[in-house]
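Dumped my_file.txt below, it's compact mmCIF, C-alpha atoms:
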```txt
# COMPACT_ATOMS: atom_id res chain seq x y z
CA MET A 106 -16.58 -4.34 17.49
CA ALA A 107 -19.71 -3.07 15.74
CA GLN A 108 -17.94 0.22 15.04
CA LEU A 109 -15.02 -1.68 13.63
CA ARG A 110 -17.22 -3.76 11.37
CA GLN A 111 -18.97 -0.64 10.10
CA GLY A 112 -15.64 0.91 9.18
CA HIS A 113 -15.71 3.76 11.70
CA VAL A 114 -12.34 5.45 11.87
CA ASP A 115 -12.87 5.98 15.61
CA ALA A 116 -12.70 2.23 16.02
CA LEU A 117 -8.98 2.51 15.23
CA GLU A 118 -8.50 4.54 18.38
CA THR A 119 -10.47 2.04 20.42
CA LEU A 120 -8.26 -0.76 19.12
CA LEU A 121 -5.17 1.31 19.88
CA ARG A 122 -6.34 1.99 23.42
CA GLU A 123 -7.30 -1.58 24.20
CA TYR A 124 -4.64 -3.58 22.40
CA GLY A 125 -1.94 -1.07 21.39
CA GLY A 126 0.31 -1.64 24.38
CA GLU A 127 0.23 -5.39 24.09
CA ILE A 128 0.74 -5.42 20.32
CA GLN A 129 3.69 -3.05 20.55
CA ALA A 130 5.21 -5.04 23.41
CA VAL A 131 5.02 -8.28 21.42
CA ALA A 132 6.42 -6.56 18.33
CA TYR A 133 9.19 -4.92 20.34
CA LEU A 134 10.30 -8.14 22.00
CA THR A 135 10.33 -9.79 18.57
CA LEU A 136 12.04 -7.01 16.63
CA ARG A 137 14.13 -5.31 19.35
CA ASN A 138 13.67 -1.90 17.75
CA GLU A 139 11.24 0.70 19.03
CA HIS A 140 10.53 2.33 15.68
CA ASP A 141 9.95 -0.95 13.92
CA ALA A 142 7.61 -1.99 16.74
CA GLU A 143 5.68 1.25 16.27
CA GLU A 144 5.43 0.60 12.56
CA VAL A 145 4.13 -2.90 13.23
CA LEU A 146 1.57 -1.50 15.66
CA ALA A 147 0.28 1.03 13.12
CA ASP A 148 0.24 -1.49 10.27
CA THR A 149 -1.50 -4.10 12.43
CA LEU A 150 -4.31 -1.75 13.41
CA LEU A 151 -4.80 -0.49 9.87
CA MET A 152 -4.81 -4.00 8.49
CA ALA A 153 -7.28 -5.13 11.14
CA TRP A 154 -9.50 -2.16 10.40
CA ARG A 155 -9.55 -3.06 6.73
CA LYS A 156 -9.84 -6.83 7.05
CA ILE A 157 -12.24 -7.04 9.95
CA GLY A 158 -14.76 -8.65 7.62
CA THR A 159 -12.62 -11.78 7.48
CA LEU A 160 -12.79 -12.30 11.25
CA ARG A 161 -15.69 -14.70 11.77
CA ASN A 162 -15.59 -15.04 15.54
CA PRO A 163 -15.47 -11.70 17.39
CA ASP A 164 -14.22 -13.46 20.53
CA ARG A 165 -10.99 -14.14 18.70
CA LEU A 166 -10.23 -10.47 18.04
CA ARG A 167 -7.25 -10.38 20.41
CA PRO A 168 -5.45 -13.50 19.11
CA TRP A 169 -6.29 -12.37 15.58
CA LEU A 170 -4.61 -9.02 16.18
CA LEU A 171 -1.60 -10.73 17.74
CA THR A 172 -1.40 -13.06 14.74
CA ILE A 173 -1.34 -10.10 12.35
CA ALA A 174 1.23 -8.29 14.49
CA THR A 175 3.53 -11.29 14.83
CA ARG A 176 3.43 -12.08 11.13
CA LEU A 177 4.07 -8.45 10.19
CA ALA A 178 6.94 -8.30 12.68
CA LEU A 179 8.58 -11.47 11.39
CA ARG A 180 8.10 -10.39 7.78
CA ARG A 181 9.57 -7.01 8.61
CA ARG A 182 12.51 -8.64 10.36
CA ARG A 183 13.25 -10.76 7.27
CA ARG A 184 13.08 -7.72 4.99
CA LEU A 185 15.27 -5.62 7.25
CA GLN A 186 17.97 -8.20 7.82
CA PRO A 187 20.62 -6.61 5.57
CA TRP A 188 20.57 -3.46 7.68
CA VAL A 189 20.77 -5.06 11.09
CA VAL A 190 23.81 -3.79 12.92
CA SER A 191 25.20 -4.83 16.24
CA LEU A 192 25.06 -2.00 18.73
CA ASP A 193 26.10 -1.58 22.27
CA PRO A 194 22.93 -2.45 24.22
CA SER A 195 23.37 0.57 26.43
CA ALA A 196 23.33 2.78 23.33
CA VAL A 197 20.20 1.33 21.78
CA VAL A 198 17.80 3.11 24.04
CA PRO A 199 19.08 6.44 25.20
CA SER A 200 17.76 7.07 28.64
CA THR A 201 18.56 9.35 31.47
CA ALA A 202 17.47 6.75 33.99
CA PRO A 203 20.21 4.50 35.31
CA VAL A 204 20.03 0.98 33.92
CA ALA A 205 20.97 -2.00 36.04
CA LEU A 206 23.62 -4.31 34.66
CA GLU A 207 21.21 -7.20 35.02
CA GLU A 208 18.76 -5.44 32.77
CA LEU A 209 21.38 -4.86 30.11
CA GLU A 210 22.36 -8.50 30.28
CA LEU A 211 18.76 -9.53 29.83
CA ARG A 212 18.40 -7.25 26.81
CA ASP A 213 21.56 -8.68 25.36
CA ALA A 214 20.34 -12.22 25.97
CA ILE A 215 17.00 -11.50 24.28
CA ASP A 216 18.81 -9.92 21.32
CA ARG A 217 20.77 -13.11 20.84
CA LEU A 218 17.68 -15.29 20.51
CA PRO A 219 16.50 -15.90 16.92
CA PRO A 220 13.53 -13.65 16.00
CA ARG A 221 11.07 -16.52 15.74
CA MET A 222 12.06 -17.76 19.17
CA ARG A 223 11.60 -14.22 20.49
CA ALA A 224 8.13 -14.19 18.95
CA VAL A 225 7.30 -17.44 20.76
CA VAL A 226 8.49 -15.96 24.06
CA ALA A 227 6.61 -12.71 23.43
CA LEU A 228 3.34 -14.45 22.67
CA ASN A 229 3.61 -16.84 25.60
CA VAL A 230 5.13 -14.60 28.25
CA VAL A 231 4.00 -11.10 27.31
CA ALA A 232 0.62 -11.85 25.72
CA ASP A 233 0.01 -14.84 27.98
CA LEU A 234 -1.19 -17.02 25.13
CA PRO A 235 -1.19 -20.74 25.87
CA VAL A 236 1.17 -22.97 23.91
CA ALA A 237 -1.61 -24.21 21.61
CA GLU A 238 -2.57 -20.64 20.71
CA VAL A 239 1.04 -19.63 20.13
CA ALA A 240 1.38 -22.58 17.77
CA ARG A 241 -1.76 -21.47 15.95
CA VAL A 242 -0.55 -17.88 15.63
CA LEU A 243 2.79 -18.96 14.23
CA GLY A 244 1.40 -21.79 12.11
CA THR A 245 3.57 -24.39 13.76
CA SER A 246 3.19 -27.41 16.06
CA GLU A 247 2.76 -27.28 19.81
CA ASN A 248 5.88 -29.39 20.23
CA THR A 249 7.94 -26.86 18.31
CA VAL A 250 6.60 -24.06 20.50
CA LYS A 251 7.35 -26.03 23.69
CA SER A 252 10.82 -26.81 22.48
CA GLN A 253 11.52 -23.18 21.56
CA LEU A 254 10.25 -21.98 24.92
CA ARG A 255 12.46 -24.52 26.70
CA VAL A 256 15.55 -23.47 24.76
CA ALA A 257 14.82 -19.77 25.18
CA ARG A 258 14.37 -20.19 28.92
CA ALA A 259 17.58 -22.15 29.19
CA ARG A 260 19.53 -19.56 27.23
CA LEU A 261 18.14 -16.66 29.23
CA ARG A 262 18.85 -18.45 32.50
CA VAL A 263 22.44 -19.10 31.54
CA THR A 264 22.90 -15.47 30.59
CA LEU A 265 21.42 -14.29 33.84
CA GLY A 266 23.56 -16.63 35.83
CA ALA A 267 20.79 -18.83 37.20
CA PRO A 268 21.21 -22.62 37.27
CA SER A 269 19.56 -24.21 34.25
CA SER A 270 17.04 -26.82 35.32
CA SER A 271 15.87 -27.49 31.79
CA SER A 272 17.00 -30.54 29.89
CA ALA A 273 17.65 -28.44 26.82
CA SER A 274 21.12 -27.05 26.57
CA PRO A 275 21.79 -23.65 25.08
CA GLY A 276 22.82 -23.66 21.47
CA THR A 277 21.13 -26.93 20.59
CA GLU A 278 18.28 -25.28 18.74
CA THR A 279 18.77 -24.58 15.08
CA SER A 280 18.45 -20.90 14.39
CA ASP A 281 15.60 -20.04 12.09
CA GLU A 282 17.26 -16.90 10.84
CA MET B 183 11.76 -26.39 37.82
CA ASN B 184 12.65 -23.29 39.77
CA GLU B 185 9.27 -21.53 39.64
CA ASP B 186 10.47 -18.45 41.54
CA PHE B 187 13.09 -17.82 38.94
CA ASP B 188 10.53 -18.35 36.18
CA ASP B 189 8.34 -15.72 37.75
CA ALA B 190 11.28 -13.37 38.00
CA LEU B 191 12.26 -14.02 34.39
CA ARG B 192 8.67 -13.62 33.28
CA SER B 193 8.40 -10.26 35.05
CA ALA B 194 11.73 -9.09 33.67
CA LEU B 195 10.72 -10.03 30.12
CA ARG B 196 7.42 -8.22 30.50
CA ARG B 197 9.13 -5.14 31.87
CA GLU B 198 11.48 -5.18 28.93
CA ALA B 199 8.68 -5.70 26.38
CA TYR B 200 6.62 -2.84 27.76
CA ARG B 201 9.60 -0.52 28.23
CA PRO B 202 8.97 1.62 25.11
CA GLU B 203 5.94 3.83 25.52
CA VAL B 204 3.16 3.72 22.96
CA ARG B 205 3.67 7.00 21.14
CA ILE B 206 1.36 6.36 18.21
CA ASP B 207 -1.98 8.06 18.62
CA GLY B 208 -5.27 8.34 16.79
CA ASP B 209 -4.05 11.25 14.66
CA VAL B 210 -1.11 9.24 13.35
CA LEU B 211 -3.41 6.34 12.45
CA ARG B 212 -5.92 8.63 10.76
CA SER B 213 -3.24 10.37 8.71
CA ARG B 214 -1.82 7.03 7.62
CA LEU B 215 -5.22 5.83 6.62
CA GLU B 216 -5.67 8.98 4.58
CA VAL B 217 -2.34 8.48 2.84
CA TYR B 218 -3.04 4.82 2.08
CA ASP B 219 -6.48 5.64 0.76
CA ARG B 220 -5.13 8.46 -1.35
CA ARG B 221 -2.44 6.18 -2.78
CA ARG B 222 -4.97 3.49 -3.52
CA HIS B 223 -7.23 6.02 -5.14
CA ASP B 224 -4.36 7.42 -7.21
CA LEU B 225 -3.37 3.93 -8.31
CA HIS B 226 -6.93 3.17 -9.31
CA ARG B 227 -7.23 6.45 -11.18
CA ARG B 228 -3.90 5.88 -12.93
CA ARG B 229 -5.01 2.46 -14.05
CA GLN B 230 -8.25 3.84 -15.38
CA MET B 231 -6.45 6.60 -17.19
CA SER B 232 -3.89 4.27 -18.63
CA PHE B 233 -6.54 2.02 -20.10
CA ALA B 234 -8.70 4.86 -21.40
CA GLY B 235 -6.01 7.05 -22.83
CA LEU B 236 -3.37 4.59 -23.94
CA ALA B 237 -2.97 6.25 -27.33
CA ILE B 238 -2.69 9.75 -25.86
CA VAL B 239 -0.15 8.61 -23.31
CA ALA B 240 1.91 7.00 -26.05
CA VAL B 241 2.01 10.24 -28.01
CA VAL B 242 2.91 12.28 -24.92
CA ALA B 243 5.55 9.75 -23.89
CA LEU B 244 7.10 9.88 -27.34
CA ALA B 245 7.25 13.66 -27.22
CA VAL B 246 8.73 13.65 -23.73
CA TRP B 247 11.19 10.92 -24.62
CA SER B 248 12.51 12.82 -27.60
CA SER B 249 12.94 16.01 -25.57
CA ALA B 250 14.51 14.30 -22.61
CA VAL B 251 17.43 12.67 -24.43
CA ARG B 252 16.43 9.07 -23.82
CA ARG B 253 15.95 9.50 -20.11
CA PRO B 254 12.72 8.43 -18.44
CA SER B 255 10.25 11.13 -17.58
CA VAL B 256 6.76 11.34 -16.28
CA GLY B 257 6.07 14.32 -18.55
CA PRO B 258 4.26 17.52 -17.81
CA ALA B 259 1.18 17.38 -15.67
CA ALA B 260 -2.22 17.49 -17.27
CA SER B 261 -3.45 20.49 -15.32
CA ALA B 262 -2.09 23.71 -13.85
CA ALA B 263 -3.25 22.70 -10.34
CA CYS B 264 -0.71 21.35 -7.90
CA PRO B 265 -1.90 17.98 -6.57
CA VAL B 266 0.49 17.95 -3.61
CA SER B 267 1.39 14.47 -2.38
CA LEU B 268 0.66 13.54 1.21
CA PRO B 269 3.56 12.85 3.53
CA LEU B 270 3.81 9.74 5.67
CA THR B 271 5.53 9.76 9.06
CA HIS B 272 7.40 6.61 10.06
CA GLY B 273 8.17 6.17 13.71
CA THR B 274 8.00 9.51 15.43
CA TRP B 275 9.88 11.84 13.13
CA TRP B 276 10.98 10.35 9.81
CA VAL B 277 8.84 11.90 7.08
CA GLU B 278 8.63 10.54 3.56
CA ILE B 279 6.65 11.53 0.53
CA GLY B 280 6.11 9.80 -2.78
CA GLY B 281 5.85 6.23 -3.90
CA PRO B 282 5.09 3.61 -5.01
CA HIS B 283 8.70 2.35 -5.08
CA ALA B 284 10.76 5.43 -4.28
CA TYR B 285 10.24 7.82 -1.37
CA PHE B 286 11.77 11.20 -0.67
CA ASN B 287 12.65 12.45 2.81
CA VAL B 288 11.00 15.83 2.30
CA GLU B 289 8.62 17.50 4.66
CA PRO B 290 6.08 19.48 2.61
CA GLY B 291 6.40 23.21 3.04
CA THR B 292 10.10 23.12 3.86
CA LEU B 293 11.54 23.41 0.34
CA TYR B 294 12.13 26.83 -1.11
CA ALA B 295 13.57 27.91 -4.41
CA THR B 296 17.31 28.40 -4.35
CA GLU B 297 20.31 28.07 -6.64
CA ASN B 298 21.87 25.75 -4.08
CA ALA B 299 20.95 22.08 -4.08
CA TRP B 300 18.84 20.34 -1.50
CA LEU B 301 20.34 17.19 -0.09
CA ILE B 302 17.50 14.69 -0.28
CA THR B 303 17.48 11.16 1.05
CA THR B 304 15.69 8.94 -1.43
CA ARG B 305 14.70 5.41 -0.52
CA PHE B 306 14.11 2.86 -3.27
CA ASP B 307 11.93 -0.02 -2.14
CA PRO B 308 12.76 -2.48 -3.51
CA ASP B 309 16.35 -1.41 -3.89
CA ALA B 310 17.81 -1.06 -7.37
CA ALA B 311 19.48 -4.21 -8.62
CA ALA B 312 23.29 -4.25 -8.71
CA GLY B 313 24.56 -2.35 -11.75
CA GLN B 314 21.23 -0.67 -12.40
CA ASP B 315 21.24 3.07 -13.03
CA ILE B 316 19.46 5.19 -10.45
CA SER B 317 18.67 8.84 -10.97
CA MET B 318 16.53 11.62 -9.68
CA TRP B 319 15.24 14.86 -11.07
CA ALA B 320 12.62 17.52 -10.52
CA GLU B 321 10.05 18.62 -13.08
CA ALA B 322 8.18 21.87 -12.90
CA VAL B 323 4.41 21.42 -13.13
CA PRO B 324 2.92 22.08 -15.63
CA SER B 325 5.78 23.42 -17.79
CA GLY B 326 7.76 20.18 -17.60
CA GLN B 327 11.06 22.06 -17.05
CA ARG B 328 13.45 19.42 -15.85
CA VAL B 329 16.35 19.76 -13.40
CA ASP B 330 18.53 16.70 -12.89
CA ALA B 331 19.80 15.86 -9.43
CA ALA B 332 23.38 14.82 -8.76
CA PHE B 333 24.03 11.55 -7.01
CA ASN B 334 25.83 12.16 -3.73
CA SER B 335 26.25 8.83 -1.97
CA ARG B 336 24.65 5.67 -0.73
CA MET B 337 23.36 5.88 2.83
CA ASP B 338 23.16 3.58 5.78
CA PRO B 339 19.93 4.49 7.61
CA SER B 340 21.37 3.33 10.91
CA SER B 341 23.60 6.41 10.82
CA ILE B 342 20.67 8.85 10.68
CA TYR B 343 19.60 10.31 13.99
CA ARG B 344 17.40 13.12 15.18
CA PHE B 345 18.78 14.00 18.57
CA SER B 346 19.13 10.54 20.12
CA SER B 347 16.33 8.98 18.10
CA PRO B 348 17.41 6.85 15.12
CA ALA B 349 15.61 6.78 11.80
CA PRO B 350 13.38 3.74 11.41
CA SER B 351 15.09 0.92 9.53
CA LEU B 352 12.76 0.94 6.58
CA PRO B 353 13.50 -1.54 3.81
CA GLY B 354 15.16 -0.88 0.46
CA GLY B 355 18.18 1.12 -0.64
CA TRP B 356 18.86 4.60 0.73
CA TYR B 357 20.64 7.22 -1.39
CA LEU B 358 21.49 10.87 -1.15
CA PHE B 359 20.84 13.13 -4.11
CA GLU B 360 21.61 16.81 -4.55
CA GLN B 361 18.54 18.35 -6.09
CA ARG B 362 18.35 21.94 -7.24
CA ILE B 363 14.93 23.59 -7.46
CA PRO B 364 15.50 26.98 -9.05
CA SER B 365 12.02 28.50 -8.92
CA ALA B 366 8.98 28.52 -6.70
CA GLY B 367 5.77 26.76 -7.67
CA CYS B 368 4.63 23.24 -8.23
CA TRP B 369 7.36 20.64 -8.71
CA ARG B 370 7.33 16.91 -9.14
CA LEU B 371 10.25 14.92 -7.77
CA VAL B 372 10.98 11.79 -9.76
CA ALA B 373 13.29 8.86 -8.97
CA SER B 374 14.08 6.18 -11.46
CA ALA B 375 15.90 2.86 -11.33
CA GLY B 376 16.99 0.93 -14.38
CA GLY B 377 15.26 3.37 -16.71
CA GLN B 378 11.91 2.88 -15.00
CA ILE B 379 10.23 5.47 -12.83
CA ALA B 380 10.23 4.12 -9.29
CA GLY B 381 8.43 6.92 -7.50
CA THR B 382 7.20 10.48 -7.75
CA ALA B 383 6.02 13.17 -5.37
CA VAL B 384 4.43 16.53 -6.07
CA LEU B 385 5.42 19.46 -3.87
CA GLU B 386 4.66 23.12 -3.57
CA VAL B 387 7.98 25.00 -3.45
CA ARG B 388 8.09 28.37 -1.73
CA PHE B 389 9.83 31.50 -2.89
CA GLY B 390 13.45 31.27 -1.88
CA ALA B 391 15.62 33.09 0.58
CA ALA B 392 18.34 34.79 -1.38
CA SER B 393 20.83 34.34 1.44
CA ALA B 394 20.29 30.60 1.88
CA GLN B 395 23.46 28.96 3.10
CA PRO B 396 24.31 25.30 2.56
CA THR B 397 24.32 23.07 5.61
CA ALA B 398 25.09 19.40 5.81
CA SER B 399 24.17 18.22 9.28
CA LEU B 400 22.96 14.63 9.42
CA ALA B 401 21.00 15.49 12.52
CA GLU B 402 18.52 17.48 10.45
CA PRO B 403 15.35 15.55 9.83
CA THR B 404 14.17 17.74 7.01
CA PRO B 405 15.84 18.46 3.68
CA ARG B 406 19.26 19.96 3.78
CA LEU B 407 21.06 22.20 1.40
CA ALA B 408 24.12 21.03 -0.42
CA PRO B 409 26.53 23.06 -2.51
CA PRO B 410 25.82 22.86 -6.24
CA SER B 411 27.66 20.07 -8.04
CA SER B 412 27.56 18.25 -11.33
CA THR B 413 24.41 16.43 -12.31
CA GLY B 414 23.94 12.87 -13.41
CA SER B 415 22.79 9.43 -12.45
CA THR B 416 24.84 6.65 -11.03
CA SER B 417 24.97 2.89 -11.04
CA ARG B 418 24.16 1.05 -7.87
CA PRO B 419 27.42 -0.60 -6.74
```
As structure tokens:
Amino acid sequence: MAQLRQGHVDALETLLREYGGEIQAVAYLTLRNEHDAEEVLADTLLMAWRKIGTLRNPDRLRPWLLTIATRLALRRRRRLQPWVVSLDPSAVVPSTAPVALEELELRDAIDRLPPRMRAVVALNVVADLPVAEVARVLGTSENTVKSQLRVARARLRVTLGAPSSSSASPGTETSDE
Amino acid sequence: MNEDFDDALRSALRREAYRPEVRIDGDVLRSRLEVYDRRRHDLHRRRQMSFAGLAIVAVVALAVWSSAVRRPSVGPAASAACPVSLPLTHGTWWVEIGGPHAYFNVEPGTLYATENAWLITTRFDPDAAAGQDISMWAEAVPSGQRVDAAFNSRMDPSSIYRFSSPAPSLPGGWYLFEQRIPSAGCWRLVASAGGQIAGTAVLEVRFGAASAQPTASLAEPTPRLAPPSSTGSTSRP
């Protein structure tokens, strides 16, 4: 943290090592594109390196980084919208490893969620942030976050063939796209 | 609530989120930082110069304008040195050079002088407005010799691959230009939209291979050669 505040370039590598995986995972689940997630990761770390002076409480470094990453990802998603094309999920990530049908269905189901809802899921499920923190990161209310999580869970469950125990039915949420 | 299923879903989502490896490393971050700093420094220097030498710039611009038949130009460089622009890598392989609002897919050191034209992907960010003229040309530094590029086509970046890896979906409008660079030395690539210069990049061009043959494979990440064709700008559809 001290290195970061003093503007040491090596601090970038420390940030990358400690938070890179998590930031990229959140960005990837939000954007659904590996290269865009990498761009968000690089931009997040560079922005954090430059703006570290604005972070008052060092204990909040992790949520602060996730806030930057999520906002950059959502902004990027809005800017890129005209170029978004629908691809066969099996073609998106070329891999020599066999992919289970269930996995492809999950990817497809995630792709169909609106980006902001994906960001909510990423922050809560991947980054393990509590609902209140997710709401803070996204600048929204806790109720909105809870509702989006409920709808996302219901939609994913339906896709994966599990019985939906949630009261929210798929398709009831207004898309924020 | 079926907690077992929630755990399973949670694990599956995490697996999916962490599926892509982190390929960015410290070197990538450092090179980006260098490029950003250089751009910021250039911008600052340009601003200073523009305030200090407004009158001189006006005279030079007038001279360039009259010699360039009413087409925008950045004019000859002030010194004989070649201030080569720094490239920026997006994702793992897509290399761009230039800015601030137009970027050229050129990897420094790959261009050589040839009578054929290089097929260069130029990205305008923001994209040109509908109906606006876009054009590209190269200017020798410091002589100011200008070679206009020919517009080839508009591009969809989702169709660009290197092996199985797609180009990053960077914002803006993507266009292909056929740019001839007839001699080795220092050259400045310039892209303009609506009569305004959108971006420039300075490159060192090597001595050419006399037997250079045109190729047009979209799988190539670096500049390609295109057969010579007519020059000119085009309007964005």
Considering all atoms listed in the file, tabulate each residue of chain B that lies at most 8 Å from chain A along with its nearest interatomic pair and the corresponding distance in Å to one decimal; arrange the rows by chain and ascending residue number and present them as CSV.
```
residue,atom,partner,partner_atom,distance
B:Met183,CA,A:Ser270,CA,5.9
B:Asn184,CA,A:Ser270,CA,7.2
B:Phe187,CA,A:Ala267,CA,8.0
B:Arg192,CA,A:Val230,CA,6.2
B:Ala194,CA,A:Glu208,CA,8.0
B:Leu195,CA,A:Val231,CA,7.4
B:Arg196,CA,A:Val231,CA,5.5
B:Glu198,CA,A:Arg212,CA,7.5
B:Ala199,CA,A:Ala130,CA,4.6
B:Tyr200,CA,A:Ala130,CA,5.1
B:Arg201,CA,A:Ala130,CA,7.9
B:Pro202,CA,A:Glu139,CA,6.6
B:Glu203,CA,A:Gly126,CA,7.9
B:Val204,CA,A:Gly126,CA,6.2
B:Arg205,CA,A:Glu143,CA,7.8
B:Ile206,CA,A:Glu143,CA,7.0
B:Asp207,CA,A:Glu118,CA,7.4
B:Gly208,CA,A:Glu118,CA,5.2
B:Leu211,CA,A:Ala147,CA,6.5
B:Arg212,CA,A:Val114,CA,7.2
B:Leu215,CA,A:Leu151,CA,7.1
B:His272,CA,A:Glu144,CA,6.8
B:Gly273,CA,A:His140,CA,4.9
B:Thr274,CA,A:His140,CA,7.6
B:Asp338,CA,A:Trp188,CA,7.7
B:Pro339,CA,A:Trp188,CA,8.0
B:Ser340,CA,A:Trp188,CA,7.6
B:Ser346,CA,A:Pro199,CA,6.5
B:Ala349,CA,A:His140,CA,7.8
B:Pro350,CA,A:His140,CA,5.3
B:Ser351,CA,A:Leu185,CA,6.9
B:Leu352,CA,A:Leu185,CA,7.1
B:Pro353,CA,A:Leu185,CA,5.6
```
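Excluding Pro290 in chain B itself and any same-chain residue fewer than 3 positions from it, the protein and nucleic acid residues within 10 Å of it, counting all atoms listed in the file, are Val266, Ser267, Leu268, Pro269, Val277, Glu278, Ile279, Asn287, Leu293, Val384, Leu385, Glu386, Val387, Thr404 and Pro405 of chain B.
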Contacts of Leu166 in chain A at 12 Å (all atoms listed in the file; same-chain gap of 4+ positions) as a list in words: Met106, Leu109, Arg110, Leu120, Glu123, Tyr124, Leu150, Ala153, Trp154, Lys156, Ile157, Gly158, Thr159, Leu160, Arg161, Asn162, Leu170, Leu171, Thr172 and Ile173 of chain A
Using the selection just defined, write its residues with C-alpha atoms as a tab-separated table (two decimals), in the frame of the given file.
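Final output, selection29.tsv:
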```
chain	number	residue	atom	x	y	z
A	106	MET	CA	-16.58	-4.34	17.49
A	109	LEU	CA	-15.02	-1.68	13.63
A	110	ARG	CA	-17.22	-3.76	11.37
A	120	LEU	CA	-8.26	-0.76	19.12
A	123	GLU	CA	-7.30	-1.58	24.20
A	124	TYR	CA	-4.64	-3.58	22.40
A	150	LEU	CA	-4.31	-1.75	13.41
A	153	ALA	CA	-7.28	-5.13	11.14
A	154	TRP	CA	-9.50	-2.16	10.40
A	156	LYS	CA	-9.84	-6.83	7.05
A	157	ILE	CA	-12.24	-7.04	9.95
A	158	GLY	CA	-14.76	-8.65	7.62
A	159	THR	CA	-12.62	-11.78	7.48
A	160	LEU	CA	-12.79	-12.30	11.25
A	161	ARG	CA	-15.69	-14.70	11.77
A	162	ASN	CA	-15.59	-15.04	15.54
A	170	LEU	CA	-4.61	-9.02	16.18
A	171	LEU	CA	-1.60	-10.73	17.74
A	172	THR	CA	-1.40	-13.06	14.74
A	173	ILE	CA	-1.34	-10.10	12.35
```
Option closest in space to Arg214 in chain B, from A:Thr264, A:Met152, A:Glu210, A:Arg241 [counting all atoms listed in the file]: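 For Arg214 in chain B, the nearest of the candidates is A:Met152.
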For Ala240 in chain A: contacts at 9 Å, all atoms listed in the file, fewer than 5 positions along chain excluded, given as an NGL selection string: :A and (225 or 235 or 245-250)
Between CA of Gly367 in chain B and CA of Arg388 in chain B, distance in Å (one decimal):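 CA of Arg388 in chain B lies 6.6 Å from CA of Gly367 in chain B.
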Interatomic distance (Å, one decimal) between CA of Trp275 in chain B and CA of Gly355 in chain B: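 CA of Trp275 in chain B sits 19.3 Å away from CA of Gly355 in chain B.
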One-decimal distance in Å that lies between CA of Trp300 in chain B and CA of Asp209 in chain B: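 Atom-to-atom, CA of Asp209 in chain B to CA of Trp300 in chain B, that is 29.5 Å.
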From A:Ala107, A:Ala259, A:Ala224, A:Leu254, residue lying nearest Val236 in chain A [only C-alpha atoms]: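 Counting only C-alpha atoms, the residue closest to Val236 in chain A is A:Leu254.
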Non-local contacts of Arg362 in chain B (7 Å; only C-alpha atoms; under 2 positions in same chain excluded) as a list in words: Glu297, Asn298, Ala299, Trp300, Val329, Ala331, Glu360 and Pro364 of chain B
